[in-house]
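**Student:** Hey, dropping data_20.txt in here, compact mmCIF, C-alpha atoms:
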# COMPACT_ATOMS: atom_id res chain seq x y z
CA MET R 60 7.60 29.22 37.77
CA LYS R 61 9.27 25.78 37.58
CA LYS R 62 6.04 24.10 38.72
CA ILE R 63 4.05 25.82 35.95
CA SER R 64 6.63 24.92 33.31
CA PHE R 65 6.65 21.30 34.48
CA ALA R 66 2.83 21.17 34.48
CA ILE R 67 2.69 22.57 30.94
CA LEU R 68 5.36 20.12 29.76
CA LEU R 69 3.46 17.22 31.37
CA LEU R 70 0.19 18.32 29.75
CA VAL R 71 1.83 18.59 26.31
CA ALA R 72 3.38 15.12 26.72
CA MET R 73 0.01 13.62 27.74
CA LEU R 74 -1.76 15.19 24.75
CA ALA R 75 0.93 14.03 22.35
CA SER R 76 0.77 10.46 23.65
CA CYS R 77 -3.00 10.35 23.08
CA GLU R 78 -2.45 10.92 19.36
CA ARG R 79 0.05 8.11 18.82
CA ILE R 80 -0.91 5.59 16.21
CA ASN R 81 -0.73 1.93 17.21
CA ASN R 82 0.56 0.12 14.13
CA LYS R 83 1.41 -3.01 16.13
CA GLU R 84 -2.16 -4.23 16.76
CA VAL R 85 -1.90 -6.92 14.07
CA PRO R 86 0.29 -9.82 15.26
CA SER R 87 3.86 -9.76 14.00
CA PHE R 88 4.11 -12.75 11.68
CA MET R 89 7.26 -13.33 9.68
CA VAL R 90 7.55 -11.61 6.31
CA ARG R 91 10.21 -12.40 3.74
CA LEU R 92 9.39 -11.66 0.13
CA ASP R 93 12.36 -11.71 -2.20
CA LEU R 94 11.95 -9.60 -5.34
CA GLY R 95 15.68 -9.02 -5.29
CA THR R 96 16.57 -9.11 -8.97
CA TYR R 97 15.65 -6.69 -11.71
CA ALA R 98 13.71 -9.44 -13.52
CA GLU R 99 11.68 -10.37 -10.40
CA TRP R 100 10.98 -6.74 -9.58
CA ASN R 101 10.02 -6.00 -13.18
CA THR R 102 7.57 -8.92 -13.12
CA TYR R 103 6.09 -8.69 -9.60
CA GLY R 104 7.01 -5.23 -8.29
CA VAL R 105 5.27 -1.87 -8.52
CA ALA R 106 6.34 0.91 -10.87
CA GLY R 107 4.24 4.08 -10.90
CA VAL R 108 2.76 6.06 -8.02
CA GLY R 109 -0.34 4.26 -6.76
CA ASP R 110 0.59 0.98 -8.44
CA TYR R 111 -0.03 -1.84 -5.94
CA ARG R 112 0.05 -5.61 -5.59
CA TYR R 113 -0.95 -8.18 -2.96
CA PHE R 114 1.14 -11.17 -1.94
CA ASN R 115 -0.34 -14.02 0.10
CA ARG R 116 1.40 -17.37 0.21
CA ASP R 117 -1.63 -19.29 1.56
CA LYS R 118 -3.94 -17.88 -1.13
CA ARG R 119 -1.25 -18.11 -3.84
CA LEU R 120 -1.48 -14.42 -4.72
CA PRO R 121 -0.25 -13.56 -7.25
CA ALA R 122 -1.03 -16.93 -8.82
CA ASN R 123 2.17 -17.14 -10.84
CA TYR R 124 4.59 -16.00 -8.11
CA PRO R 125 7.22 -18.71 -7.38
CA TYR R 126 6.63 -19.16 -3.62
CA ASN R 127 9.18 -21.35 -1.82
CA VAL R 128 9.97 -22.52 1.72
CA ASN R 129 11.78 -19.23 2.47
CA THR R 130 8.83 -17.03 1.52
CA TYR R 131 6.61 -15.65 4.28
CA THR R 132 3.79 -13.15 3.78
CA GLY R 133 2.81 -12.12 7.30
CA TYR R 134 -0.53 -12.25 9.05
CA GLY R 135 -2.94 -11.01 6.36
CA GLY R 136 -0.61 -10.95 3.38
CA VAL R 137 1.59 -8.18 2.04
CA LEU R 138 0.26 -5.01 0.42
CA LEU R 139 3.01 -3.50 -1.72
CA ILE R 140 2.37 -0.01 -3.12
CA MET R 141 4.44 2.68 -4.81
CA GLY R 142 3.97 5.67 -2.54
CA MET R 143 5.78 8.26 -0.47
CA ASP R 144 8.47 6.83 1.78
CA PRO R 145 7.90 8.53 5.17
CA ALA R 146 11.62 8.34 6.01
CA THR R 147 12.94 10.04 2.87
CA GLY R 148 9.95 11.92 1.43
CA ASN R 149 10.67 10.35 -1.97
CA TYR R 150 8.46 8.03 -3.96
CA ALA R 151 9.47 4.43 -3.34
CA PRO R 152 7.90 1.02 -2.83
CA ILE R 153 6.38 0.68 0.63
CA ALA R 154 4.70 -2.33 2.19
CA PHE R 155 2.17 -3.13 4.89
CA ASP R 156 0.60 -6.21 6.40
CA ALA R 157 -2.77 -6.23 4.63
CA ALA R 158 -4.79 -7.30 7.69
CA CYS R 159 -7.14 -4.65 9.09
CA PRO R 160 -5.95 -3.88 12.64
CA VAL R 161 -9.49 -3.13 13.83
CA GLU R 162 -10.78 -6.56 12.79
CA ASN R 163 -7.43 -8.21 13.61
CA ARG R 164 -8.19 -11.33 11.57
CA MET R 165 -6.08 -12.98 8.87
CA ASP R 166 -9.02 -13.21 6.51
CA VAL R 167 -10.09 -9.54 6.71
CA VAL R 168 -7.70 -7.59 4.53
CA VAL R 169 -7.85 -4.05 3.23
CA GLY R 170 -8.54 -3.31 -0.41
CA ILE R 171 -7.35 -0.29 -2.39
CA ASN R 172 -9.81 2.37 -3.52
CA SER R 173 -8.57 3.07 -7.06
CA GLU R 174 -9.86 6.67 -7.02
CA ASN R 175 -7.88 7.94 -4.02
CA PHE R 176 -5.51 5.01 -3.27
CA GLU R 177 -6.70 4.66 0.30
CA ALA R 178 -6.75 1.21 1.86
CA VAL R 179 -10.29 0.31 2.93
CA CYS R 180 -11.46 -2.48 5.24
CA PRO R 181 -14.45 -4.31 3.74
CA GLN R 182 -15.68 -5.29 7.22
CA CYS R 183 -15.49 -2.18 9.44
CA GLY R 184 -15.10 0.48 6.73
CA SER R 185 -11.92 1.97 8.21
CA ARG R 186 -9.75 3.84 5.72
CA TYR R 187 -5.95 4.05 5.88
CA ASP R 188 -3.38 6.31 4.23
CA VAL R 189 -1.05 4.04 2.27
CA LEU R 190 -0.08 6.35 -0.58
CA MET R 191 1.71 8.81 1.67
CA GLY R 192 3.46 5.96 3.42
CA SER R 193 2.17 6.11 6.96
CA GLY R 194 -0.59 3.49 6.98
CA GLY R 195 -2.33 5.75 9.50
CA PRO R 196 -6.10 5.83 9.98
CA LEU R 197 -8.18 8.31 7.99
CA SER R 198 -11.73 7.36 9.05
CA GLY R 199 -13.87 4.67 10.66
CA PRO R 200 -13.22 2.75 13.88
CA ALA R 201 -9.48 2.86 13.21
CA ILE R 202 -9.55 6.60 14.02
CA THR R 203 -11.26 5.99 17.37
CA HIS R 204 -8.82 3.25 18.34
CA HIS R 205 -5.76 4.99 16.81
CA TYR R 206 -4.91 1.85 14.81
CA GLY R 207 -2.69 1.99 11.75
CA LEU R 208 -1.53 -0.69 9.35
CA ARG R 209 1.63 -2.60 10.32
CA MET R 210 4.51 -1.30 8.18
CA LEU R 211 7.04 -3.66 6.69
CA LYS R 212 10.64 -2.99 5.67
CA VAL R 213 11.48 -2.65 1.97
CA ARG R 214 15.20 -2.86 1.25
CA THR R 215 16.98 -2.39 -2.05
CA THR R 216 19.33 -5.02 -3.37
CA GLY R 217 22.37 -4.63 -5.56
CA ASN R 218 20.57 -6.51 -8.33
CA GLY R 219 17.86 -3.96 -9.17
CA GLY R 220 15.13 -5.29 -6.89
CA TYR R 221 13.83 -5.22 -3.33
CA ILE R 222 13.39 -7.56 -0.39
CA ILE R 223 10.40 -7.06 1.91
CA THR R 224 10.74 -8.21 5.51
CA SER R 225 9.12 -7.84 8.91
CA SER R 226 12.37 -6.85 10.59
Would you mind writing the structure in this file as structure tokens?

**Tutor:**
Amino acid sequence: MKKISFAILLLVAMLASCERINNKEVPSFMVRLDLGTYAEWNTYGVAGVGDYRYFNRDKRLPANYPYNVNTYTGYGGVLLIMGMDPATGNYAPIAFDAACPVENRMDVVVGINSENFEAVCPQCGSRYDVLMGSGGPLSGPAITHHYGLRMLKVRTTGNGGYIITSS
């Protein structure tokens, strides 16, 4: 009986591990985006569900954002969206590295489909769930490889804003 129970437990563990999403495929570049005050958040943040914005220091996106020496925007830039926080189940700002993990190149970033708020890679066609907070694959080669978008940390400040970091 113990051998059968152990075999079933081992089989369940193997099946569960096959379904894990690898959201670490994109290299971990430093992210530090300070939208820590109410004024900064009100100008550059996201407000309503599905509202999104890209930040990329090298490309100067958004053009009027005051980048400085302490600002880092990761490998492919930062995709900030107002969606469902997977930890709390509440709507909150969530962030991802915008690089497609299938292509794994700095210059191939996902775009947002404005009809369903899925992130879509223009190169491979993979689609990712960003609105519900997971960044997990929905279709395309990302499903086959079990690749998800790299999540970033979004922390509240005492000044009415948020700071986005890689750690």

**Student:** Distance atom CA of R:Tyr134-atom CA of R:Glu84, one decimal place?

**Tutor:**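 Between atom CA of R:Tyr134 and atom CA of R:Glu84 the gap is 11.2 Å.
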
**Student:** Near R:Val189, counting all atoms listed in the file, which residues have an atom at most 8 Å away, once you skip same-chain residues fewer than 5 positions from it, shown as a list in words?

**Tutor:**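 Contacts, with the query itself left out: Ile140, Gly142, Phe176, Glu177, Ala178, Gly194 and Gly195 of chain R.
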
**Student:** What's around R:Tyr103 at 8 Å? Count all atoms listed in the file, leave out sequence neighbours fewer than 5 positions away in its own chain, and write the answer as a list in words.

**Tutor:**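 My list of contacting residues is Leu94, Arg112 and Tyr124 of chain R.
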
**Student:** I need the residues from that last selection saved to file as a PDB file, in the coordinates of the input (with C-alpha atoms), if you can.

**Tutor:**
ATOM      1  CA  LEU R  94      11.950  -9.600  -5.340  1.00  0.00           C
ATOM      2  CA  ARG R 112       0.050  -5.610  -5.590  1.00  0.00           C
ATOM      3  CA  TYR R 124       4.590 -16.000  -8.110  1.00  0.00           C
TER       4      TYR R 124
END

**Student:** Which of these, R:Asp156, R:Ser225, R:Asn123, R:Gly109, has the shortest distance to R:Asn175 once you count all atoms listed in the file?

**Tutor:** R:Gly109

**Student:** Go through R:Leu92, R:Ala158, R:Val179, R:Ala201 and flag the residue nearest R:Arg214, using only C-alpha atoms for the distances.

**Tutor:** R:Leu92

**Student:** Between atom CA of R:Pro200 and atom CA of R:Glu162, what is the spacing in Å?

**Tutor:**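 Going from atom CA of R:Glu162 over to atom CA of R:Pro200 covers 9.7 Å.
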
**Student:** Could you state the separation of atom CA of R:Pro160 and atom CA of R:Tyr206 in Å, given to one decimal place?

**Tutor:** 6.2 Å

**Student:** Determine, counting only C-alpha atoms, which protein, DNA and RNA residues have an atom within 10 Å of an atom of R:Glu99; residues of the same chain fewer than 4 positions away are not included. Present the result as an NGL selection string.

**Tutor:** :R and (93-95 or 103-104 or 124-125 or 218-221)

**Student:** Counting all atoms listed in the file, which residue out of R:Asn149, R:Thr102, R:Ser185, R:Ser173 sits closest to R:Val161?

**Tutor:**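 The shortest atom-to-atom distance to R:Val161 comes from R:Ser185.
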
**Student:** Excluding R:Asp166 and any residue of its chain fewer than 5 positions from it, enumerate the residues within 12 Å of it, using only C-alpha atoms, and give them as a compact mmCIF listing (two decimals) with C-alpha atoms, in the coordinates of the input.

**Tutor:**
# COMPACT_ATOMS: atom_id res chain seq x y z
CA ASN R 115 -0.34 -14.02 0.10
CA ASP R 117 -1.63 -19.29 1.56
CA LYS R 118 -3.94 -17.88 -1.13
CA GLY R 133 2.81 -12.12 7.30
CA TYR R 134 -0.53 -12.25 9.05
CA GLY R 135 -2.94 -11.01 6.36
CA GLY R 136 -0.61 -10.95 3.38
CA ASP R 156 0.60 -6.21 6.40
CA ALA R 157 -2.77 -6.23 4.63
CA ALA R 158 -4.79 -7.30 7.69
CA CYS R 159 -7.14 -4.65 9.09
CA PRO R 160 -5.95 -3.88 12.64
CA CYS R 180 -11.46 -2.48 5.24
CA PRO R 181 -14.45 -4.31 3.74
CA GLN R 182 -15.68 -5.29 7.22

**Student:** Between R:Val90, R:Tyr97, R:Pro196, R:Tyr126, single out the one closest to R:Ala154, counting only C-alpha atoms.

**Tutor:**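 Looking only at the distances to R:Ala154, the closest residue turns out to be R:Val90.
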
**Student:** Restricting the calculation to only C-alpha atoms: of R:Phe88, R:Tyr187, R:Tyr131, R:Phe155, which residue gets closest to R:Tyr111?

**Tutor:**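 Closest to R:Tyr111, using only C-alpha atoms: R:Phe155.
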
**Student:** Within 8 Å of R:Met141, counting only C-alpha atoms, which residues show up once you throw out same-chain ones fewer than 4 positions away? Write them as a list in words, please.

**Tutor:** Val105, Ala106, Gly107, Val108, Gly109, Asp110, Tyr111, Tyr150, Ala151, Pro152, Ile153 and Leu190 of chain R

**Student:** Rank nothing, just name the residue among R:Gly184, R:Pro121, R:Pro86, R:Gly170 nearest to R:Met210, using all atoms listed in the file.

**Tutor:**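 Closest candidate: R:Pro86.
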
**Student:** Set up a box along x, y and z of the file covering all listed atoms of stretch 175-190 of chain R, add 4 Å on every one of the six sides, and write the centre and edge lengths in Å to one decimal, as AutoDock Vina command-line options.

**Tutor:**
--center_x -7.9 --center_y 1.3 --center_z 2.7 --size_x 23.6 --size_y 21.2 --size_z 21.5
